[in-house]
file work_18.cif (mmCIF, C-alpha atoms)
data_target
#
loop_
_atom_site.label_atom_id
_atom_site.label_comp_id
_atom_site.auth_asym_id
_atom_site.auth_seq_id
_atom_site.Cartn_x
_atom_site.Cartn_y
_atom_site.Cartn_z
CA MET A 1 9.68 26.69 -52.95
CA TYR A 2 9.96 23.03 -53.91
CA LYS A 3 8.32 23.67 -57.30
CA LEU A 4 10.52 26.69 -57.95
CA LEU A 5 13.89 25.33 -56.79
CA ILE A 6 13.74 21.54 -57.10
CA GLY A 7 11.01 20.92 -59.66
CA PRO A 8 13.07 21.91 -62.73
CA VAL A 9 15.89 19.48 -61.84
CA GLU A 10 13.89 16.77 -60.11
CA LYS A 11 14.46 14.09 -62.77
CA ALA A 12 18.19 14.73 -62.86
CA LEU A 13 18.40 13.98 -59.13
CA GLU A 14 16.65 10.61 -59.22
CA ARG A 15 19.82 8.50 -59.01
CA SER A 16 21.50 10.50 -56.25
CA ASN A 17 21.24 10.22 -52.46
CA THR A 18 23.18 13.43 -51.79
CA LEU A 19 22.26 16.98 -52.74
CA VAL A 20 24.80 19.82 -52.58
CA VAL A 21 23.28 23.28 -52.20
CA ALA A 22 25.02 26.66 -52.52
CA PRO A 23 22.23 28.94 -51.30
CA ASP A 24 22.31 32.68 -51.95
CA ARG A 25 20.91 35.54 -49.88
CA ALA A 26 17.77 34.61 -47.89
CA LEU A 27 17.92 31.00 -49.11
CA ALA A 28 20.89 30.54 -46.78
CA PHE A 29 18.40 30.55 -43.90
CA ALA A 30 16.06 27.92 -45.36
CA PRO A 31 16.53 24.23 -44.46
CA PHE A 32 16.06 22.56 -47.85
CA GLU A 33 15.40 19.27 -46.03
CA THR A 34 11.89 20.53 -45.23
CA LEU A 35 10.94 21.36 -48.85
CA THR A 36 8.13 19.03 -49.77
CA ALA A 37 6.44 17.58 -52.82
CA ALA A 38 4.97 14.18 -51.92
CA THR A 39 7.59 13.81 -49.17
CA PRO A 40 10.18 16.16 -47.63
CA LEU A 41 13.59 16.23 -49.29
CA ILE A 42 15.17 14.73 -46.17
CA GLU A 43 13.43 11.48 -47.11
CA LYS A 44 15.48 11.35 -50.32
CA PHE A 45 18.78 13.13 -49.72
CA ALA A 46 21.55 13.92 -47.32
CA ILE A 47 21.94 17.63 -47.99
CA GLU A 48 25.31 19.37 -47.82
CA TYR A 49 25.55 23.14 -47.96
CA VAL A 50 28.48 25.16 -49.26
CA PRO A 51 28.90 28.95 -48.97
CA SER A 52 30.06 29.31 -52.59
CA ALA A 53 32.02 27.58 -55.35
CA THR A 54 35.24 29.26 -54.20
CA ALA A 55 34.70 28.08 -50.63
CA LEU A 56 33.97 24.57 -51.91
CA ALA A 57 37.29 24.45 -53.78
CA GLU A 58 39.18 25.40 -50.63
CA LEU A 59 37.32 22.89 -48.45
CA ARG A 60 38.04 20.08 -50.92
CA ASN A 61 41.75 20.88 -50.67
CA ARG A 62 41.58 20.11 -46.96
CA ALA A 63 40.25 16.58 -47.38
CA ASN A 64 43.63 14.85 -47.24
CA ARG A 65 45.13 16.81 -44.38
CA THR A 66 42.51 15.99 -41.74
CA ASP A 67 43.70 13.60 -39.01
CA LYS A 68 41.18 10.76 -39.21
CA GLY A 69 42.55 9.33 -35.97
CA GLY A 70 42.13 12.58 -34.08
CA ALA A 71 40.20 13.14 -30.91
CA LEU A 72 36.96 14.74 -29.76
CA LEU A 73 37.10 18.05 -27.90
CA ALA A 74 33.75 19.00 -26.40
CA LEU A 75 32.71 21.95 -24.23
CA GLY A 76 29.25 22.29 -22.69
CA ASP A 77 27.07 23.67 -19.91
CA PRO A 78 29.25 26.74 -19.28
CA ALA A 79 28.98 28.37 -15.84
CA TYR A 80 27.34 31.71 -16.57
CA THR A 81 27.86 34.68 -14.26
CA ARG A 82 28.02 38.42 -14.91
CA ALA A 83 31.78 38.12 -14.78
CA GLY A 84 31.58 35.35 -17.35
CA GLY A 85 30.31 37.43 -20.21
CA ALA A 86 26.70 38.35 -19.46
CA SER A 87 27.52 42.03 -19.12
CA GLU A 88 29.39 41.95 -22.44
CA ARG A 89 26.11 41.58 -24.33
CA ARG A 90 23.70 42.87 -21.69
CA THR A 91 22.28 39.39 -21.70
CA ALA A 92 21.54 37.19 -18.70
CA TRP A 93 22.67 33.84 -20.06
CA THR A 94 20.50 31.10 -18.59
CA PRO A 95 22.01 27.73 -17.63
CA LEU A 96 21.79 24.94 -20.22
CA PRO A 97 21.83 21.75 -18.12
CA ASN A 98 20.92 19.52 -21.06
CA THR A 99 24.15 20.52 -22.78
CA ARG A 100 26.10 18.81 -19.98
CA ASP A 101 24.21 15.59 -20.66
CA GLU A 102 24.83 16.17 -24.36
CA VAL A 103 28.63 16.49 -24.23
CA LEU A 104 29.03 13.74 -21.62
CA GLY A 105 26.86 11.43 -23.72
CA ILE A 106 28.88 12.20 -26.85
CA GLY A 107 32.13 11.76 -24.93
CA GLY A 108 31.04 8.32 -23.83
CA LEU A 109 31.11 7.20 -27.47
CA PHE A 110 34.88 7.78 -27.65
CA ALA A 111 37.73 5.95 -25.93
CA PRO A 112 39.16 7.85 -22.92
CA GLU A 113 42.37 8.67 -24.78
CA LYS A 114 40.35 10.01 -27.72
CA ARG A 115 38.24 12.56 -25.86
CA ARG A 116 38.64 15.80 -23.95
CA ILE A 117 35.41 16.93 -22.24
CA PHE A 118 34.98 20.19 -20.35
CA VAL A 119 31.83 21.35 -18.56
CA GLY A 120 30.93 24.09 -16.08
CA THR A 121 33.69 26.60 -15.40
CA ALA A 122 36.10 24.49 -17.48
CA ALA A 123 34.00 25.13 -20.61
CA SER A 124 35.96 28.29 -21.27
CA GLU A 125 37.90 30.24 -23.88
CA ARG A 126 41.01 29.75 -21.77
CA GLN A 127 40.64 25.96 -21.89
CA LEU A 128 39.92 25.96 -25.62
CA ASN A 129 43.02 28.02 -26.34
CA ALA A 130 45.14 25.73 -24.14
CA GLU A 131 44.25 22.61 -26.15
CA ASP A 132 46.29 21.15 -29.00
CA LEU A 133 43.73 21.88 -31.69
CA HIS A 134 45.79 20.19 -34.40
CA ALA A 135 45.00 16.87 -32.70
CA VAL A 136 41.24 17.49 -32.71
CA ARG A 137 39.11 15.74 -35.31
CA TYR A 138 35.72 16.81 -33.91
CA LEU A 139 35.20 20.08 -32.03
CA HIS A 140 31.83 20.28 -30.31
CA ILE A 141 30.62 23.38 -28.45
CA ALA A 142 27.24 23.31 -26.68
CA ALA A 143 26.49 26.77 -25.32
CA HIS A 144 24.51 29.94 -25.95
CA GLY A 145 25.13 31.52 -29.32
CA TYR A 146 25.15 35.27 -29.91
CA VAL A 147 24.51 36.50 -33.45
CA ASP A 148 24.85 40.12 -34.54
CA GLU A 149 23.59 40.22 -38.12
CA GLY A 150 24.51 43.90 -38.47
CA LEU A 151 28.07 43.45 -37.17
CA PRO A 152 28.99 39.79 -37.79
CA ALA A 153 32.39 40.22 -36.10
CA ARG A 154 30.58 40.67 -32.78
CA SER A 155 28.88 37.28 -33.07
CA GLY A 156 30.16 34.57 -30.78
CA LEU A 157 29.63 31.67 -28.38
CA ALA A 158 29.04 32.40 -24.70
CA LEU A 159 31.51 30.33 -22.66
CA SER A 160 32.11 30.45 -18.93
CA ASP A 161 34.75 33.20 -19.09
CA GLY A 162 33.33 35.34 -21.89
CA VAL A 163 32.08 35.40 -25.45
CA LEU A 164 34.29 33.67 -28.02
CA GLU A 165 33.97 36.19 -30.86
CA VAL A 166 34.60 35.82 -34.58
CA ALA A 167 38.05 37.46 -34.41
CA GLU A 168 39.10 34.99 -31.70
CA ILE A 169 37.72 32.05 -33.68
CA LEU A 170 39.78 33.07 -36.70
CA ARG A 171 42.96 32.71 -34.62
CA LEU A 172 42.26 29.10 -33.53
CA ARG A 173 44.26 27.37 -36.33
CA LEU A 174 42.06 24.30 -36.66
CA ARG A 175 42.56 21.08 -38.60
CA ALA A 176 39.26 19.56 -37.55
CA GLU A 177 37.18 17.44 -39.88
CA MET A 178 34.06 18.96 -38.32
CA VAL A 179 33.02 21.66 -35.87
CA THR A 180 29.57 21.38 -34.31
CA LEU A 181 28.06 24.55 -32.85
CA SER A 182 25.23 23.20 -30.73
CA ALA A 183 23.80 26.62 -30.02
CA CYS A 184 20.86 28.78 -31.01
CA ARG A 185 21.08 30.50 -34.41
CA SER A 186 24.74 29.55 -34.85
CA GLY A 187 24.33 29.39 -38.64
CA LEU A 188 22.99 32.92 -39.03
CA GLY A 189 24.82 36.11 -39.90
CA GLN A 190 25.08 38.71 -42.62
CA THR A 191 24.63 37.47 -46.19
CA LEU A 192 27.09 38.50 -48.88
CA ALA A 193 25.92 38.04 -52.47
CA GLY A 194 27.70 35.08 -54.04
CA GLU A 195 29.60 34.17 -50.86
CA GLY A 196 26.91 33.04 -48.44
CA VAL A 197 26.61 33.86 -44.75
CA MET A 198 29.30 35.76 -42.90
CA GLY A 199 29.10 34.64 -39.28
CA LEU A 200 30.21 31.90 -36.89
CA SER A 201 30.13 29.05 -39.40
CA ARG A 202 32.27 30.95 -41.91
CA ALA A 203 34.71 31.95 -39.14
CA PHE A 204 35.33 28.30 -38.18
CA LEU A 205 35.79 27.34 -41.82
CA PHE A 206 38.29 30.17 -42.29
CA ALA A 207 40.06 29.02 -39.12
CA GLY A 208 40.77 25.68 -40.79
CA ALA A 209 37.80 23.37 -40.16
CA ARG A 210 36.69 21.25 -43.09
CA SER A 211 32.99 21.38 -42.20
CA ALA A 212 30.53 22.71 -39.63
CA VAL A 213 27.16 21.75 -38.21
CA VAL A 214 25.16 24.84 -37.24
CA SER A 215 21.59 25.87 -36.44
CA LEU A 216 19.20 28.22 -38.22
CA TRP A 217 16.96 29.18 -35.29
CA ASN A 218 16.55 28.98 -31.51
CA VAL A 219 16.65 25.30 -30.61
CA SER A 220 15.31 23.09 -27.84
CA ASP A 221 18.30 22.05 -25.74
CA ALA A 222 16.60 18.80 -24.66
CA ALA A 223 15.75 17.72 -28.23
CA THR A 224 19.15 18.89 -29.43
CA ALA A 225 20.92 16.75 -26.84
CA ASP A 226 19.12 13.66 -28.15
CA LEU A 227 19.80 14.63 -31.76
CA MET A 228 23.51 15.17 -31.16
CA LYS A 229 24.05 11.90 -29.30
CA THR A 230 22.43 10.00 -32.17
CA PHE A 231 24.43 12.00 -34.71
CA TYR A 232 27.79 11.14 -33.12
CA SER A 233 26.76 7.54 -32.64
CA ASN A 234 26.16 7.39 -36.40
CA LEU A 235 29.55 8.99 -37.04
CA ASN A 236 31.21 6.32 -34.90
CA ARG A 237 29.64 3.69 -37.15
CA GLY A 238 31.55 5.16 -40.07
CA GLN A 239 28.75 7.13 -41.68
CA PRO A 240 29.75 10.34 -43.53
CA PRO A 241 28.76 13.42 -41.47
CA ALA A 242 25.93 14.67 -43.70
CA HIS A 243 24.39 11.18 -43.84
CA ALA A 244 24.89 10.68 -40.09
CA LEU A 245 23.08 13.97 -39.43
CA ARG A 246 20.26 13.06 -41.81
CA LYS A 247 19.62 9.78 -40.03
CA ALA A 248 19.68 11.47 -36.62
CA ARG A 249 17.13 14.01 -37.80
CA LEU A 250 14.90 11.32 -39.29
CA ARG A 251 14.98 9.48 -35.97
CA LEU A 252 13.45 12.56 -34.32
CA ALA A 253 11.05 13.22 -37.20
CA LYS A 254 9.72 9.65 -37.10
CA GLY A 255 10.24 8.92 -33.41
CA PRO A 256 7.70 8.02 -30.72
CA ARG A 257 7.58 11.55 -29.24
CA ARG A 258 4.95 13.23 -31.39
CA ALA A 259 5.92 16.80 -30.44
CA ARG A 260 9.45 16.31 -31.75
CA ARG A 261 8.22 15.27 -35.17
CA TYR A 262 7.71 18.93 -36.05
CA PRO A 263 10.51 20.49 -38.14
CA TYR A 264 11.14 23.00 -35.34
CA PHE A 265 12.85 20.18 -33.42
CA TRP A 266 14.59 18.14 -36.13
CA ALA A 267 15.31 20.64 -38.94
CA PRO A 268 17.39 23.51 -37.48
CA PHE A 269 20.83 21.90 -37.79
CA ILE A 270 22.50 21.79 -41.20
CA PHE A 271 25.82 20.46 -42.46
CA ILE A 272 28.12 22.97 -44.18
CA GLY A 273 31.26 21.71 -45.88
CA ALA A 274 32.91 19.76 -48.66
CA PRO A 275 30.74 16.97 -50.10
CA GLU A 276 31.76 13.46 -49.12
#
call {"tool": "encode", "arguments": {"input": "work_18.cif", "output": "C-alpha cells"}}
result
Amino acid sequence: MYKLLIGPVEKALERSNTLVVAPDRALAFAPFETLTAATPLIEKFAIEYVPSATALAELRNRANRTDKGGALLALGDPAYTRAGGASERRTAWTPLPNTRDEVLGIGGLFAPEKRRIFVGTAASERQLNAEDLHAVRYLHIAAHGYVDEGLPARSGLALSDGVLEVAEILRLRLRAEMVTLSACRSGLGQTLAGEGVMGLSRAFLFAGARSAVVSLWNVSDAATADLMKTFYSNLNRGQPPAHALRKARLRLAKGPRRARRYPYFWAPFIFIGAPE
C-alpha cells in the first residue's frame, strides 16, 4: 500500500510534517500512519483525514467561530442496565471502568471552571442535552460504540440512559473545536463514493464540530485511557490536535510496555477535520 499510495508522491512530501488524506471507499478504514517503507508514516507526519473536498471547505469555514476559551465536557463509564439501552440493541453492554479513570484524568488537566465531567448514571443523553454546548470547546465521550454499517442512522454511543443515535447527534448544535469518541469502531460506517464514511464521525461534523477523533476497530480501554490522557496533555501545551495525537500515539508505540507497541494499541484513533 505504501508503494502504491505514497511512493509516487514521496519526494513532494519531503519538506512537510503534515499529510492530509481524503480516503475513498475501503481506504477510509486504513490508518495511513501504519503504512511503512523504511519507517511507518507516523514517524514523519501528523496525518489529518477529511471526508471529501466539499467537507474540507465547510470545516475550514468554521475555524474562526470556535471558542478557543471554551470548556471541556466529558462523559465516561456509563452505568449500563437493561433499562439503560441494552435491550435496544440486544447487547449486554459491559462496564468500562477504565473510561472513568480516562475522563477524570483528562478533567484534571483543566481548571475547575473549564470542565464538566459526568460519570456513572450522570453520563447520559439527558445530561448531554442539558449542557450549554455552545460553550464547549472539547467534547469527549468514553463509552461503548454501536455501528450499523447497513443502516448508519442506527449507529450510536451507549450512554447510561440509552443509545445516542445519529439523528439525535445531528440535533446537538455544536460549536466544538473537537469531539473525541473514545469508543470501539466509532469511525466506521457506510462508505459513500466521493464523500467518505457516513456514520458517527460525519454526524458530529454535520452537527457543528470542527473535527473529530474516532477509532477504526475495537480498542483496549486500558491502553486508550493512557493514550487519551497523553493526547489532552499535549493539547494543553498548545499543540495542534493532529500533532498532539501523533505524539501520544508515538509514546505508546515506543513506550516501555512492549505489548502496547503493536499498532492494535496505538493506531486505531485518527483525526478527522480541517488541517491546522
call {"tool": "residues_around", "arguments": {"input": "work_18.cif", "residues": "A:Gln190", "least_positions_apart": "4", "cutoff": "7 Å", "atoms": "all atoms listed in the file", "output": "JSON, numbers by chain"}}
result
{"A": [149, 150, 152, 197, 198, 199]}
call {"tool": "write_last_selection", "arguments": {"input": "work_18.cif", "atoms": "C-alpha atoms", "output": "CSV table (one decimal), keeping the file's coordinate frame"}}
result
chain,number,residue,atom,x,y,z
A,149,GLU,CA,23.6,40.2,-38.1
A,150,GLY,CA,24.5,43.9,-38.5
A,152,PRO,CA,29.0,39.8,-37.8
A,197,VAL,CA,26.6,33.9,-44.8
A,198,MET,CA,29.3,35.8,-42.9
A,199,GLY,CA,29.1,34.6,-39.3
call {"tool": "resolve_selection", "arguments": {"input": "work_18.cif", "expression": "the PyMOL selection byres ((chain A and resi 270) around 7)", "output": "PyMOL selection string"}}
result
chain A and resi 213-215+268-269+271-272
call {"tool": "closest_residue", "arguments": {"input": "work_18.cif", "among": "A:Ile42, A:Ala259, A:Leu139, A:Ala12", "to": "A:Lys247", "atoms": "only C-alpha atoms"}}
result
A:Ile42
call {"tool": "closest_residue", "arguments": {"input": "work_18.cif", "among": "A:Ser160, A:Ser201, A:Thr224, A:Ser211", "to": "A:Ser182", "atoms": "all atoms listed in the file"}}
result
A:Thr224
call {"tool": "residues_around", "arguments": {"input": "work_18.cif", "residues": "A:Asp161", "least_positions_apart": "2", "cutoff": "9 Å", "atoms": "all atoms listed in the file", "output": "ChimeraX atom specification"}}
result
/A:78-81,83-85,121-126,158-159,163-164
call {"tool": "decode", "arguments": {"input": "work_18.cif", "residues": "stretch 124-262 of chain A", "atoms": "C-alpha atoms", "output": "PDB file, in the first residue's frame"}}
result
ATOM      1  CA  SER A 124     -26.360  10.224  29.951  1.00  0.00           C
ATOM      2  CA  GLU A 125     -28.161  11.642  26.933  1.00  0.00           C
ATOM      3  CA  ARG A 126     -30.266  13.714  29.305  1.00  0.00           C
ATOM      4  CA  GLN A 127     -27.179  15.359  30.809  1.00  0.00           C
ATOM      5  CA  LEU A 128     -25.608  15.967  27.403  1.00  0.00           C
ATOM      6  CA  ASN A 129     -28.752  17.665  26.130  1.00  0.00           C
ATOM      7  CA  ALA A 130     -28.955  19.808  29.280  1.00  0.00           C
ATOM      8  CA  GLU A 131     -25.482  21.301  28.760  1.00  0.00           C
ATOM      9  CA  ASP A 132     -24.713  24.586  27.013  1.00  0.00           C
ATOM     10  CA  LEU A 133     -22.931  23.014  24.066  1.00  0.00           C
ATOM     11  CA  HIS A 134     -22.047  26.387  22.540  1.00  0.00           C
ATOM     12  CA  ALA A 135     -19.617  26.872  25.442  1.00  0.00           C
ATOM     13  CA  VAL A 136     -17.866  23.531  24.845  1.00  0.00           C
ATOM     14  CA  ARG A 137     -14.507  23.528  23.091  1.00  0.00           C
ATOM     15  CA  TYR A 138     -13.746  19.817  23.589  1.00  0.00           C
ATOM     16  CA  LEU A 139     -16.466  17.166  23.815  1.00  0.00           C
ATOM     17  CA  HIS A 140     -15.163  13.801  24.980  1.00  0.00           C
ATOM     18  CA  ILE A 141     -17.346  10.679  25.198  1.00  0.00           C
ATOM     19  CA  ALA A 142     -15.851   7.432  26.522  1.00  0.00           C
ATOM     20  CA  ALA A 143     -18.414   4.657  26.176  1.00  0.00           C
ATOM     21  CA  HIS A 144     -19.428   1.682  24.068  1.00  0.00           C
ATOM     22  CA  GLY A 145     -19.942   2.464  20.404  1.00  0.00           C
ATOM     23  CA  TYR A 146     -22.582   0.797  18.256  1.00  0.00           C
ATOM     24  CA  VAL A 147     -22.045   0.793  14.484  1.00  0.00           C
ATOM     25  CA  ASP A 148     -24.620  -0.400  11.966  1.00  0.00           C
ATOM     26  CA  GLU A 149     -22.856  -0.320   8.604  1.00  0.00           C
ATOM     27  CA  GLY A 150     -26.045  -1.305   6.771  1.00  0.00           C
ATOM     28  CA  LEU A 151     -28.198   1.367   8.434  1.00  0.00           C
ATOM     29  CA  PRO A 152     -25.806   4.138   9.547  1.00  0.00           C
ATOM     30  CA  ALA A 153     -28.643   6.114  11.165  1.00  0.00           C
ATOM     31  CA  ARG A 154     -28.936   3.375  13.801  1.00  0.00           C
ATOM     32  CA  SER A 155     -25.308   3.804  14.863  1.00  0.00           C
ATOM     33  CA  GLY A 156     -24.732   5.450  18.209  1.00  0.00           C
ATOM     34  CA  LEU A 157     -22.991   5.712  21.573  1.00  0.00           C
ATOM     35  CA  ALA A 158     -24.319   3.702  24.506  1.00  0.00           C
ATOM     36  CA  LEU A 159     -24.840   6.069  27.441  1.00  0.00           C
ATOM     37  CA  SER A 160     -26.432   5.304  30.792  1.00  0.00           C
ATOM     38  CA  ASP A 161     -29.991   6.098  29.673  1.00  0.00           C
ATOM     39  CA  GLY A 162     -29.902   4.784  26.114  1.00  0.00           C
ATOM     40  CA  VAL A 163     -28.124   4.885  22.785  1.00  0.00           C
ATOM     41  CA  LEU A 164     -27.331   8.349  21.423  1.00  0.00           C
ATOM     42  CA  GLU A 165     -28.162   7.733  17.757  1.00  0.00           C
ATOM     43  CA  VAL A 166     -27.116   9.618  14.639  1.00  0.00           C
ATOM     44  CA  ALA A 167     -30.425  11.513  14.372  1.00  0.00           C
ATOM     45  CA  GLU A 168     -30.019  12.731  17.965  1.00  0.00           C
ATOM     46  CA  ILE A 169     -26.402  13.722  17.348  1.00  0.00           C
ATOM     47  CA  LEU A 170     -27.450  15.832  14.367  1.00  0.00           C
ATOM     48  CA  ARG A 171     -29.682  17.908  16.670  1.00  0.00           C
ATOM     49  CA  LEU A 172     -26.907  18.804  19.152  1.00  0.00           C
ATOM     50  CA  ARG A 173     -25.922  22.175  17.562  1.00  0.00           C
ATOM     51  CA  LEU A 174     -22.231  22.044  18.417  1.00  0.00           C
ATOM     52  CA  ARG A 175     -19.526  24.684  18.111  1.00  0.00           C
ATOM     53  CA  ALA A 176     -16.762  22.450  19.434  1.00  0.00           C
ATOM     54  CA  GLU A 177     -13.245  22.586  18.093  1.00  0.00           C
ATOM     55  CA  MET A 178     -13.019  18.813  18.560  1.00  0.00           C
ATOM     56  CA  VAL A 179     -15.191  15.842  19.500  1.00  0.00           C
ATOM     57  CA  THR A 180     -13.433  12.703  20.724  1.00  0.00           C
ATOM     58  CA  LEU A 181     -15.364   9.440  20.522  1.00  0.00           C
ATOM     59  CA  SER A 182     -13.339   7.160  22.770  1.00  0.00           C
ATOM     60  CA  ALA A 183     -15.286   4.072  21.801  1.00  0.00           C
ATOM     61  CA  CYS A 184     -14.868   0.938  19.722  1.00  0.00           C
ATOM     62  CA  ARG A 185     -15.243   1.347  15.940  1.00  0.00           C
ATOM     63  CA  SER A 186     -16.544   4.903  16.274  1.00  0.00           C
ATOM     64  CA  GLY A 187     -15.017   5.864  12.914  1.00  0.00           C
ATOM     65  CA  LEU A 188     -16.758   3.142  10.910  1.00  0.00           C
ATOM     66  CA  GLY A 189     -19.953   3.292   8.901  1.00  0.00           C
ATOM     67  CA  GLN A 190     -21.217   3.080   5.353  1.00  0.00           C
ATOM     68  CA  THR A 191     -18.929   4.473   2.650  1.00  0.00           C
ATOM     69  CA  LEU A 192     -20.318   6.792   0.002  1.00  0.00           C
ATOM     70  CA  ALA A 193     -18.183   7.232  -3.110  1.00  0.00           C
ATOM     71  CA  GLY A 194     -16.536  10.642  -3.084  1.00  0.00           C
ATOM     72  CA  GLU A 195     -17.942  11.616   0.327  1.00  0.00           C
ATOM     73  CA  GLY A 196     -16.261   9.242   2.754  1.00  0.00           C
ATOM     74  CA  VAL A 197     -17.832   7.413   5.683  1.00  0.00           C
ATOM     75  CA  MET A 198     -21.408   8.033   6.751  1.00  0.00           C
ATOM     76  CA  GLY A 199     -21.555   7.285  10.462  1.00  0.00           C
ATOM     77  CA  LEU A 200     -20.892   8.780  13.889  1.00  0.00           C
ATOM     78  CA  SER A 201     -17.944  10.948  12.875  1.00  0.00           C
ATOM     79  CA  ARG A 202     -19.852  12.511   9.980  1.00  0.00           C
ATOM     80  CA  ALA A 203     -22.880  13.097  12.240  1.00  0.00           C
ATOM     81  CA  PHE A 204     -20.808  15.114  14.737  1.00  0.00           C
ATOM     82  CA  LEU A 205     -19.245  17.129  11.925  1.00  0.00           C
ATOM     83  CA  PHE A 206     -22.687  17.870  10.486  1.00  0.00           C
ATOM     84  CA  ALA A 207     -23.840  18.855  13.983  1.00  0.00           C
ATOM     85  CA  GLY A 208     -21.240  21.634  14.001  1.00  0.00           C
ATOM     86  CA  ALA A 209     -17.966  20.203  15.317  1.00  0.00           C
ATOM     87  CA  ARG A 210     -14.824  21.302  13.514  1.00  0.00           C
ATOM     88  CA  SER A 211     -13.018  17.985  13.942  1.00  0.00           C
ATOM     89  CA  ALA A 212     -13.360  14.515  15.452  1.00  0.00           C
ATOM     90  CA  VAL A 213     -11.093  11.827  16.860  1.00  0.00           C
ATOM     91  CA  VAL A 214     -12.529   8.361  16.216  1.00  0.00           C
ATOM     92  CA  SER A 215     -11.447   4.718  16.182  1.00  0.00           C
ATOM     93  CA  LEU A 216     -11.255   2.192  13.355  1.00  0.00           C
ATOM     94  CA  TRP A 217     -11.555  -1.031  15.379  1.00  0.00           C
ATOM     95  CA  ASN A 218     -12.328  -2.466  18.817  1.00  0.00           C
ATOM     96  CA  VAL A 219      -9.913  -0.833  21.233  1.00  0.00           C
ATOM     97  CA  SER A 220      -8.318  -1.692  24.560  1.00  0.00           C
ATOM     98  CA  ASP A 221      -9.938   0.571  27.147  1.00  0.00           C
ATOM     99  CA  ALA A 222      -6.838   0.488  29.387  1.00  0.00           C
ATOM    100  CA  ALA A 223      -4.436   1.472  26.585  1.00  0.00           C
ATOM    101  CA  THR A 224      -6.941   4.013  25.285  1.00  0.00           C
ATOM    102  CA  ALA A 225      -7.178   5.676  28.693  1.00  0.00           C
ATOM    103  CA  ASP A 226      -3.404   6.196  28.709  1.00  0.00           C
ATOM    104  CA  LEU A 227      -3.417   7.413  25.110  1.00  0.00           C
ATOM    105  CA  MET A 228      -6.184   9.940  25.728  1.00  0.00           C
ATOM    106  CA  LYS A 229      -4.630  11.416  28.859  1.00  0.00           C
ATOM    107  CA  THR A 230      -1.373  11.972  26.978  1.00  0.00           C
ATOM    108  CA  PHE A 231      -3.269  13.395  24.000  1.00  0.00           C
ATOM    109  CA  TYR A 232      -5.088  16.020  26.086  1.00  0.00           C
ATOM    110  CA  SER A 233      -1.929  16.837  27.995  1.00  0.00           C
ATOM    111  CA  ASN A 234      -0.311  17.635  24.641  1.00  0.00           C
ATOM    112  CA  LEU A 235      -3.304  19.769  23.659  1.00  0.00           C
ATOM    113  CA  ASN A 236      -2.939  21.759  26.874  1.00  0.00           C
ATOM    114  CA  ARG A 237       0.645  22.527  25.872  1.00  0.00           C
ATOM    115  CA  GLY A 238      -0.679  24.265  22.772  1.00  0.00           C
ATOM    116  CA  GLN A 239      -0.013  21.535  20.233  1.00  0.00           C
ATOM    117  CA  PRO A 240      -2.442  21.325  17.271  1.00  0.00           C
ATOM    118  CA  PRO A 241      -4.798  18.332  17.691  1.00  0.00           C
ATOM    119  CA  ALA A 242      -3.384  16.135  14.912  1.00  0.00           C
ATOM    120  CA  HIS A 243       0.176  16.686  16.167  1.00  0.00           C
ATOM    121  CA  ALA A 244      -0.899  16.147  19.792  1.00  0.00           C
ATOM    122  CA  LEU A 245      -2.494  12.832  18.796  1.00  0.00           C
ATOM    123  CA  ARG A 246       0.567  11.780  16.812  1.00  0.00           C
ATOM    124  CA  LYS A 247       2.859  12.336  19.784  1.00  0.00           C
ATOM    125  CA  ALA A 248       0.512  10.449  22.110  1.00  0.00           C
ATOM    126  CA  ARG A 249       0.465   7.505  19.730  1.00  0.00           C
ATOM    127  CA  LEU A 250       4.250   7.531  19.372  1.00  0.00           C
ATOM    128  CA  ARG A 251       4.558   7.456  23.155  1.00  0.00           C
ATOM    129  CA  LEU A 252       2.645   4.158  23.167  1.00  0.00           C
ATOM    130  CA  ALA A 253       4.454   2.816  20.092  1.00  0.00           C
ATOM    131  CA  LYS A 254       7.869   3.498  21.624  1.00  0.00           C
ATOM    132  CA  GLY A 255       6.979   3.101  25.291  1.00  0.00           C
ATOM    133  CA  PRO A 256       8.321   0.651  27.878  1.00  0.00           C
ATOM    134  CA  ARG A 257       5.300  -1.685  27.662  1.00  0.00           C
ATOM    135  CA  ARG A 258       6.243  -3.958  24.780  1.00  0.00           C
ATOM    136  CA  ALA A 259       2.708  -5.265  24.156  1.00  0.00           C
ATOM    137  CA  ARG A 260       1.401  -1.761  23.503  1.00  0.00           C
ATOM    138  CA  ARG A 261       3.954  -1.134  20.778  1.00  0.00           C
ATOM    139  CA  TYR A 262       1.777  -3.102  18.360  1.00  0.00           C
TER     140      TYR A 262
END
